[in-house]
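One file, data.cif, is given below (mmCIF, N, CA and C atoms).
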data_run
loop_
_atom_site.label_atom_id
_atom_site.label_comp_id
_atom_site.auth_asym_id
_atom_site.auth_seq_id
_atom_site.Cartn_x
_atom_site.Cartn_y
_atom_site.Cartn_z
N MET J 1 6.53 -10.67 7.39
CA MET J 1 6.88 -9.97 8.60
C MET J 1 7.34 -10.94 9.67
N ALA J 2 6.54 -11.96 9.98
CA ALA J 2 6.89 -12.88 11.05
C ALA J 2 8.14 -13.67 10.73
N GLY J 3 8.46 -13.83 9.46
CA GLY J 3 9.65 -14.56 9.10
C GLY J 3 10.90 -13.91 9.66
N SER J 4 11.02 -12.58 9.53
CA SER J 4 12.20 -11.91 10.04
C SER J 4 12.03 -11.55 11.51
N ASP J 5 10.85 -11.13 11.92
CA ASP J 5 10.62 -10.75 13.30
C ASP J 5 10.69 -11.93 14.25
N SER J 6 10.32 -13.11 13.78
CA SER J 6 10.29 -14.26 14.67
C SER J 6 11.68 -14.66 15.13
N ALA J 7 12.73 -14.13 14.48
CA ALA J 7 14.09 -14.39 14.92
C ALA J 7 14.41 -13.60 16.19
N VAL J 8 13.66 -12.55 16.46
CA VAL J 8 13.87 -11.73 17.65
C VAL J 8 13.09 -12.35 18.81
N PRO J 9 13.76 -12.64 19.92
CA PRO J 9 13.04 -13.18 21.08
C PRO J 9 11.95 -12.19 21.52
N VAL J 10 10.80 -12.71 21.88
CA VAL J 10 9.67 -11.84 22.23
C VAL J 10 10.01 -10.92 23.39
N GLU J 11 10.87 -11.37 24.28
CA GLU J 11 11.24 -10.55 25.44
C GLU J 11 11.99 -9.29 25.03
N GLU J 12 12.59 -9.31 23.83
CA GLU J 12 13.37 -8.16 23.37
C GLU J 12 12.55 -7.19 22.54
N LEU J 13 11.33 -7.54 22.20
CA LEU J 13 10.46 -6.65 21.44
C LEU J 13 9.83 -5.62 22.36
N SER J 14 9.59 -4.43 21.83
CA SER J 14 8.79 -3.47 22.60
C SER J 14 7.36 -4.01 22.65
N TYR J 15 6.58 -3.49 23.57
CA TYR J 15 5.19 -3.92 23.67
C TYR J 15 4.47 -3.65 22.34
N THR J 16 4.71 -2.49 21.77
CA THR J 16 4.07 -2.12 20.51
C THR J 16 4.47 -3.05 19.37
N ASP J 17 5.76 -3.36 19.28
CA ASP J 17 6.22 -4.25 18.22
C ASP J 17 5.66 -5.66 18.39
N ALA J 18 5.60 -6.13 19.63
CA ALA J 18 5.04 -7.46 19.89
C ALA J 18 3.56 -7.50 19.52
N SER J 19 2.85 -6.44 19.87
CA SER J 19 1.43 -6.37 19.53
C SER J 19 1.21 -6.31 18.02
N ARG J 20 2.05 -5.56 17.33
CA ARG J 20 1.94 -5.47 15.86
C ARG J 20 2.24 -6.82 15.21
N GLU J 21 3.25 -7.51 15.73
CA GLU J 21 3.57 -8.81 15.16
C GLU J 21 2.43 -9.79 15.37
N LEU J 22 1.82 -9.75 16.54
CA LEU J 22 0.68 -10.62 16.81
C LEU J 22 -0.47 -10.29 15.85
N ASP J 23 -0.73 -9.01 15.65
CA ASP J 23 -1.77 -8.61 14.68
C ASP J 23 -1.46 -9.13 13.29
N ALA J 24 -0.19 -9.08 12.89
CA ALA J 24 0.20 -9.56 11.56
C ALA J 24 -0.03 -11.07 11.44
N ILE J 25 0.23 -11.80 12.51
CA ILE J 25 -0.01 -13.24 12.49
C ILE J 25 -1.50 -13.53 12.35
N VAL J 26 -2.31 -12.81 13.09
CA VAL J 26 -3.76 -12.98 12.99
C VAL J 26 -4.23 -12.66 11.57
N ASP J 27 -3.75 -11.55 11.01
CA ASP J 27 -4.10 -11.19 9.64
C ASP J 27 -3.69 -12.28 8.66
N PHE J 28 -2.50 -12.84 8.85
CA PHE J 28 -1.99 -13.91 8.00
C PHE J 28 -2.96 -15.09 7.98
N PHE J 29 -3.42 -15.48 9.16
CA PHE J 29 -4.35 -16.62 9.24
C PHE J 29 -5.70 -16.30 8.61
N GLU J 30 -6.12 -15.06 8.71
CA GLU J 30 -7.42 -14.68 8.17
C GLU J 30 -7.42 -14.55 6.65
N GLN J 31 -6.27 -14.37 6.04
CA GLN J 31 -6.22 -14.07 4.62
C GLN J 31 -5.85 -15.23 3.72
N ARG J 32 -5.47 -16.37 4.26
CA ARG J 32 -5.04 -17.46 3.37
C ARG J 32 -5.11 -18.81 4.07
N GLU J 33 -5.08 -19.83 3.24
CA GLU J 33 -4.93 -21.18 3.76
C GLU J 33 -3.46 -21.35 4.13
N VAL J 34 -3.23 -22.04 5.21
CA VAL J 34 -1.87 -22.12 5.74
C VAL J 34 -1.40 -23.56 5.76
N ASP J 35 -0.19 -23.78 5.32
CA ASP J 35 0.46 -25.08 5.42
C ASP J 35 0.55 -25.48 6.90
N VAL J 36 0.38 -26.74 7.18
CA VAL J 36 0.37 -27.22 8.57
C VAL J 36 1.66 -26.85 9.30
N ASP J 37 2.80 -26.98 8.64
CA ASP J 37 4.07 -26.64 9.28
C ASP J 37 4.15 -25.15 9.61
N VAL J 38 3.67 -24.34 8.71
CA VAL J 38 3.65 -22.90 8.94
C VAL J 38 2.66 -22.57 10.05
N LEU J 39 1.53 -23.25 10.03
CA LEU J 39 0.51 -23.03 11.05
C LEU J 39 1.08 -23.24 12.45
N VAL J 40 1.76 -24.35 12.65
CA VAL J 40 2.31 -24.65 13.97
C VAL J 40 3.33 -23.60 14.39
N ALA J 41 4.22 -23.23 13.49
CA ALA J 41 5.25 -22.24 13.81
C ALA J 41 4.62 -20.89 14.16
N ARG J 42 3.63 -20.47 13.38
CA ARG J 42 2.99 -19.17 13.64
C ARG J 42 2.18 -19.22 14.93
N LEU J 43 1.52 -20.34 15.19
CA LEU J 43 0.76 -20.45 16.44
C LEU J 43 1.69 -20.44 17.65
N GLU J 44 2.84 -21.09 17.53
CA GLU J 44 3.80 -21.07 18.64
C GLU J 44 4.29 -19.65 18.89
N ARG J 45 4.59 -18.93 17.82
CA ARG J 45 5.05 -17.55 17.96
C ARG J 45 3.94 -16.68 18.54
N ALA J 46 2.71 -16.86 18.06
CA ALA J 46 1.58 -16.08 18.58
C ALA J 46 1.39 -16.35 20.06
N THR J 47 1.51 -17.59 20.47
CA THR J 47 1.37 -17.94 21.89
C THR J 47 2.45 -17.27 22.72
N ALA J 48 3.68 -17.29 22.23
CA ALA J 48 4.78 -16.64 22.95
C ALA J 48 4.54 -15.13 23.06
N LEU J 49 4.05 -14.52 21.99
CA LEU J 49 3.76 -13.09 22.01
C LEU J 49 2.65 -12.77 23.01
N ILE J 50 1.59 -13.56 23.00
CA ILE J 50 0.48 -13.35 23.92
C ILE J 50 0.96 -13.48 25.36
N ASP J 51 1.74 -14.51 25.64
CA ASP J 51 2.27 -14.70 27.00
C ASP J 51 3.11 -13.51 27.45
N GLU J 52 3.96 -13.01 26.54
CA GLU J 52 4.82 -11.87 26.89
C GLU J 52 4.00 -10.60 27.10
N LEU J 53 3.04 -10.35 26.22
CA LEU J 53 2.19 -9.17 26.37
C LEU J 53 1.41 -9.24 27.67
N ASP J 54 0.88 -10.41 28.00
CA ASP J 54 0.15 -10.60 29.25
C ASP J 54 1.05 -10.36 30.46
N ARG J 55 2.29 -10.87 30.40
CA ARG J 55 3.23 -10.69 31.51
C ARG J 55 3.51 -9.20 31.73
N ARG J 56 3.71 -8.49 30.63
CA ARG J 56 4.00 -7.06 30.75
C ARG J 56 2.81 -6.28 31.29
N LEU J 57 1.61 -6.65 30.85
CA LEU J 57 0.42 -5.97 31.37
C LEU J 57 0.25 -6.22 32.86
N ARG J 58 0.48 -7.46 33.30
CA ARG J 58 0.39 -7.77 34.73
C ARG J 58 1.43 -7.00 35.53
N GLN J 59 2.65 -6.92 34.99
CA GLN J 59 3.72 -6.19 35.66
C GLN J 59 3.37 -4.70 35.76
N THR J 60 2.85 -4.14 34.69
CA THR J 60 2.46 -2.73 34.69
C THR J 60 1.34 -2.49 35.68
N ARG J 61 0.37 -3.38 35.72
CA ARG J 61 -0.74 -3.24 36.66
C ARG J 61 -0.24 -3.27 38.10
N ALA J 62 0.67 -4.18 38.40
CA ALA J 62 1.23 -4.26 39.75
C ALA J 62 1.96 -2.97 40.10
N GLN J 63 2.70 -2.41 39.16
CA GLN J 63 3.41 -1.16 39.41
C GLN J 63 2.43 -0.02 39.66
N VAL J 64 1.37 0.05 38.87
CA VAL J 64 0.36 1.10 39.05
C VAL J 64 -0.31 0.95 40.41
N GLU J 65 -0.67 -0.29 40.77
CA GLU J 65 -1.32 -0.52 42.06
C GLU J 65 -0.41 -0.16 43.23
N GLU J 66 0.89 -0.25 43.02
CA GLU J 66 1.85 0.14 44.05
C GLU J 66 2.01 1.66 44.10
N LEU J 67 2.03 2.30 42.94
CA LEU J 67 2.30 3.73 42.88
C LEU J 67 1.11 4.60 43.25
N VAL J 68 -0.10 4.19 42.92
CA VAL J 68 -1.28 5.02 43.16
C VAL J 68 -1.44 5.37 44.65
N PRO J 69 -1.34 4.40 45.57
CA PRO J 69 -1.46 4.77 46.98
C PRO J 69 -0.35 5.74 47.43
N ARG J 70 0.85 5.58 46.87
CA ARG J 70 1.94 6.51 47.22
C ARG J 70 1.62 7.91 46.72
N LEU J 71 1.08 8.01 45.51
CA LEU J 71 0.71 9.32 44.98
C LEU J 71 -0.42 9.95 45.78
N GLU J 72 -1.39 9.13 46.18
CA GLU J 72 -2.50 9.64 46.99
C GLU J 72 -1.99 10.16 48.33
N THR J 73 -1.04 9.45 48.92
CA THR J 73 -0.46 9.89 50.19
C THR J 73 0.27 11.21 50.01
N LEU J 74 1.06 11.31 48.95
CA LEU J 74 1.78 12.56 48.68
C LEU J 74 0.81 13.72 48.44
N ALA J 75 -0.25 13.45 47.72
CA ALA J 75 -1.24 14.50 47.44
C ALA J 75 -1.91 14.95 48.73
N ALA J 76 -2.24 14.00 49.59
CA ALA J 76 -2.89 14.35 50.86
C ALA J 76 -1.95 15.16 51.75
N GLU J 77 -0.68 14.78 51.76
CA GLU J 77 0.31 15.47 52.59
C GLU J 77 0.57 16.89 52.09
N SER J 78 0.43 17.11 50.80
CA SER J 78 0.71 18.43 50.25
C SER J 78 -0.55 19.27 50.07
N GLY J 79 -1.64 18.83 50.68
CA GLY J 79 -2.88 19.58 50.55
C GLY J 79 -3.51 19.42 49.20
N GLY J 80 -3.50 18.21 48.68
CA GLY J 80 -3.98 17.92 47.34
C GLY J 80 -5.45 18.21 47.12
N GLY J 81 -6.18 18.64 48.14
CA GLY J 81 -7.59 18.93 47.98
C GLY J 81 -7.85 20.00 46.93
N SER J 82 -6.93 20.95 46.78
CA SER J 82 -7.15 22.01 45.81
C SER J 82 -7.06 21.50 44.38
N ALA J 83 -6.27 20.44 44.15
CA ALA J 83 -6.17 19.89 42.81
C ALA J 83 -7.50 19.29 42.37
N ALA J 84 -8.21 18.68 43.29
CA ALA J 84 -9.50 18.09 42.96
C ALA J 84 -10.55 19.18 42.75
N GLY J 85 -10.34 20.33 43.35
CA GLY J 85 -11.29 21.42 43.24
C GLY J 85 -11.23 22.12 41.91
N GLY J 86 -10.20 21.88 41.14
CA GLY J 86 -10.11 22.48 39.81
C GLY J 86 -9.89 23.97 39.84
N GLY J 87 -8.81 24.41 40.43
CA GLY J 87 -8.53 25.84 40.54
C GLY J 87 -8.36 26.53 39.20
N ASP J 88 -8.31 25.81 38.12
CA ASP J 88 -8.14 26.40 36.80
C ASP J 88 -9.47 26.96 36.30
N LYS J 89 -9.52 28.24 36.06
CA LYS J 89 -10.78 28.88 35.66
C LYS J 89 -10.80 29.17 34.17
N SER J 90 -9.96 28.47 33.41
CA SER J 90 -9.88 28.75 31.98
C SER J 90 -10.99 28.09 31.18
N GLU J 91 -11.84 27.31 31.80
CA GLU J 91 -12.92 26.63 31.06
C GLU J 91 -13.94 27.59 30.62
#

When written as structure tokens, how does the structure in this file appear?
Amino acid sequence: MAGSDSAVPVEELSYTDASRELDAIVDFFEQREVDVDVLVARLERATALIDELDRRLRQTRAQVEELVPRLETLAAESGGGSAAGGGDKSE
């Protein structure tokens, strides 16, 4: 898997694909003895994947932290109190 996927820059992978590739690298290390040259290449790729996944998580967190106060303001302006009260009686 990593042989063909590693040709794709980590920035171009979806979050899910990057996470799956990282899992495959971890599985690879857990299942066999690894040649030193392969070890270094896989560790470099794993590090790049981890860095990219971390960057995306931080970016998403920043976006959420920016959007939540805006949503709370909109809810307050539109009388959002009824949404918290659970007007749905289907329970």

- prompt: atom C of Leu57 of chain J and atom N of Tyr15 of chain J are how many Å apart?
  reply: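 For atom C of Leu57 of chain J relative to atom N of Tyr15 of chain J, the distance reads 11.6 Å.
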
Separation of atom C of Phe29 of chain J from atom C of Ser6 of chain J, in Å and rounded to one decimal: 18.6 Å

message: Selection in question (the file shown): the PyMOL selection byres (((chain J and resi 25-27 and name CA) around 9) and name CA). Which residues does it include, as a list in words?
response: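 Output from the PyMOL selection byres (((chain J and resi 25-27 and name CA) around 9) and name CA), applied to this file: Met1, Ala2, Arg20, Glu21, Leu22, Asp23, Ala24, Phe28, Phe29, Glu30, Gln31, Arg32, Arg42, Leu43, Arg45 and Ala46 of chain J.
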
- request: To one decimal in Å, tell me the separation between atom CA of Leu13 of chain J and atom CA of Arg56 of chain J.
  value: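 Computed distance, atom CA of Leu13 of chain J to atom CA of Arg56 of chain J, equals 11.3 Å.
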
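When all atoms listed in the file are used to measure the gap to Glu52 of chain J, the shortest distance among J:Glu77, J:Glu66, J:Glu11, J:Asp17 belongs to J:Glu11.
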
Write out as lines of an AutoDock Vina configuration file an axis-aligned box for segment 14-32 of chain J: all of its atoms listed in the file, 8 Å added on each side, centre and edge lengths in Å with one decimal.
center_x = 1.1
center_y = -10.5
center_z = 13.5
size_x = 33.0
size_y = 32.7
size_z = 36.3
